[in-house]
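The structure appears right after this line, and notes come after that.
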Amino acid sequence: MKNSNIPNNRAVLLARVSSKRQAEGFSLDFQEKAGKNYAKSKGFTITHTFRIVESASKDGREEWDKFIKHIETDGETHILIPKVDRALRNFRDLARIADLANHKGKVFHFFNDGLIYHKESHAADLFNLGIQGSMSTFYSADLAEKTKRGLQEKREQGQLPGRAPTGYKNNRETHLIDIDPVISPWVKRMFELASASLYSLRTISEKLIKEGAPKKFYISNIEHILRNPFYHGEFRSTGKLYKGTHEPLVSRELQEAAIKGLERLHKSKYRDVASTFLYSGLITCGICNRTVFGEDKKKGRYRFYHCSGRLPCTKIDYVEEAIVTREMEKIIKTIQLAPKVIDFVLKRLEKDSASEMTAKTLQLANLKAELTRNEHRSQRALDDIYDPDKPEALKASLNARLSDWRASKERIEASIRTLEELTPDRYMATLRDLLELSKRAFSLYGKMEPEKKREFLNLICSNYLLREKTLEPIYKKPFNLLAKGSSVQIGSGTRIRT
């Protein structure tokens, strides 16, 4: 270590900006050039130059700490700094500079401010340094406070501050967050795969690559995406949940299903066998309510399914895979309707759809007319509120009624959206596809690859309960209705059995 107390003409030059954006300009170059000209005029030799791109308001200022450590331990007497606010943005920095001047013999030259500070400085110089340092500290604190208020206001308005999540992008012109047309379809695909309760995070990552994703999604990133409420229209910031104004990528229901599917698959320590055992992760023990998993016996010659055998189960019942397969095939047959039943249902639905469409059209027209009246009332109320000639009592009354009208508007708009989504021409196509699936369910299942069979089994049931070598299905909608339709009555009492 050099003796830093011996006066000399060697100097250290500091050039600092607060952000990378400022560094992209010419500010650092200008500060360095001005410092070199000042050193030349004073006969100083600059032995080290620090170019720092770092905010003074954050903790852990690594580059600034390196600068302070250098002038504490090396032998330069003169410290060249363009302005006081380049070095003093908090009282801690002011105290450190005063300590270096008084105890280390350093001379600080704030050359653009015309201020030189050292241990022999007059009281007026110390006062001037304190005033400028206090102003810099106030400016930094005030800027931080305004920034926090601005960010909080942005949150209250439904906008997430900062970088957009994966599948979205920051719009530099509008300062809003838009959907990324390239990545967003793959984010949606993540939710679809996770909601199936069939794929681990690693498998989802691998499937996305196989399906042509433009980038690799890592396991930690996928889990963060699936649990991030931003994708269904909300966001969490500063420990609070806010309603976002951005466009959601998925529905709340799909995200909840994805999280449940992920937790269902990953909660068992036997989840890794799901890729080799067809029914692992799909079945639950009907007694202890724990996951049923597959196990090979005698080097794979025999394959069984069983639970862990913990209480309330008193023993482990091993069920052969062939028995489980037969039970699954019985369940699939229960949702298969006879062709005559399907034809009858379709003809009846097509007959009823015309009259239903007329009724819905009339209902939509009434709702839209009510919405128009609501908007006119609200606009007239706003005109009266901002009219300086209207009495204050009237304005207060209108303000109170405006909130009711806004709530009424939201209800009407929601009803309109629901009716538009449930028009017969939309759900008839879905019903035809569903009935076609029912007609061919068993034959389609027999031709599927194991992975597709798992998807299909998870599609029709939310769970399968295993009790004494018998499976009890918990059907999802609308397959529960198809299962009940194992026999239906048509016309004058004819019964058709499936």
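Identifiers in the structure tokens: chain A, B, ... in order shown; residue index from 1 per chain; ligand index from 1 in order shown.
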Stretch 182-380 of chain A: residues DSSP assigns to helix (DSSP H, G or I), reported as a PyMOL selection string:
chain A and resi 184-195+201-210+219-227+229-232+252-266+271-275+321-334+339-380
Rank A:His78, A:Ser438, A:Arg290, A:Cys285 by their smallest atom-to-atom distance to A:Glu472, using only C-alpha atoms, and report the top residue only.
A:Cys285
Counting only C-alpha atoms, which residue out of A:Ala15, A:Leu80, A:Ile323, A:Leu465 sits closest to A:Lys42?
A:Leu80
Residues near A:Pro473, anyone? I mean within 12 Å using only C-alpha atoms, not counting same-chain ones fewer than 3 positions away, as a tab-separated table (two decimals) with C-alpha atoms, in the first residue's frame.
chain	number	residue	atom	x	y	z
A	282	LEU	CA	-54.42	-41.24	-13.19
A	283	ILE	CA	-55.79	-43.51	-10.45
A	284	THR	CA	-56.40	-42.89	-6.74
A	285	CYS	CA	-56.92	-45.51	-4.05
A	286	GLY	CA	-60.60	-45.53	-3.04
A	327	GLU	CA	-61.75	-51.72	-16.28
A	328	MET	CA	-60.69	-48.70	-18.35
A	329	GLU	CA	-62.24	-50.21	-21.48
A	330	LYS	CA	-65.54	-50.73	-19.63
A	331	ILE	CA	-65.51	-47.05	-18.63
A	332	ILE	CA	-64.92	-45.92	-22.21
A	334	THR	CA	-70.18	-46.36	-21.02
A	335	ILE	CA	-69.77	-43.04	-22.85
A	457	LEU	CA	-58.45	-40.96	-20.12
A	458	ASN	CA	-57.65	-37.67	-18.44
A	459	LEU	CA	-60.04	-35.87	-20.81
A	460	ILE	CA	-63.12	-37.88	-19.85
A	461	CYS	CA	-62.53	-38.28	-16.09
A	462	SER	CA	-61.06	-36.14	-13.33
A	463	ASN	CA	-60.18	-39.24	-11.29
A	464	TYR	CA	-60.44	-43.03	-11.20
A	465	LEU	CA	-60.99	-44.65	-7.79
A	466	LEU	CA	-59.60	-48.17	-7.35
A	467	ARG	CA	-61.51	-50.43	-4.94
A	470	THR	CA	-62.70	-52.30	-9.69
A	476	LYS	CA	-65.95	-34.67	-16.25
A	479	PHE	CA	-69.04	-37.09	-20.31
A	480	ASN	CA	-71.07	-37.57	-17.13
A	483	ALA	CA	-72.43	-42.06	-19.21
Considering only C-alpha atoms, return as a list of chain:residue names whatever protein or nucleic-acid residues lie within 12 Å of A:Leu398, sequence-local ones (same chain, fewer than 6 positions apart) excluded.
A:Arg377, A:Ser378, A:Gln379, A:Arg380, A:Ala381, A:Leu382, A:Asp383, A:Asp384, A:Ile385, A:Tyr386, A:Lys390, A:Pro391, A:Glu392, A:Asp404, A:Trp405
For the atom pair atom CA of A:Ala441 and atom CA of A:Arg303, what is the interatomic distance in Å to one decimal place?
26.0 Å
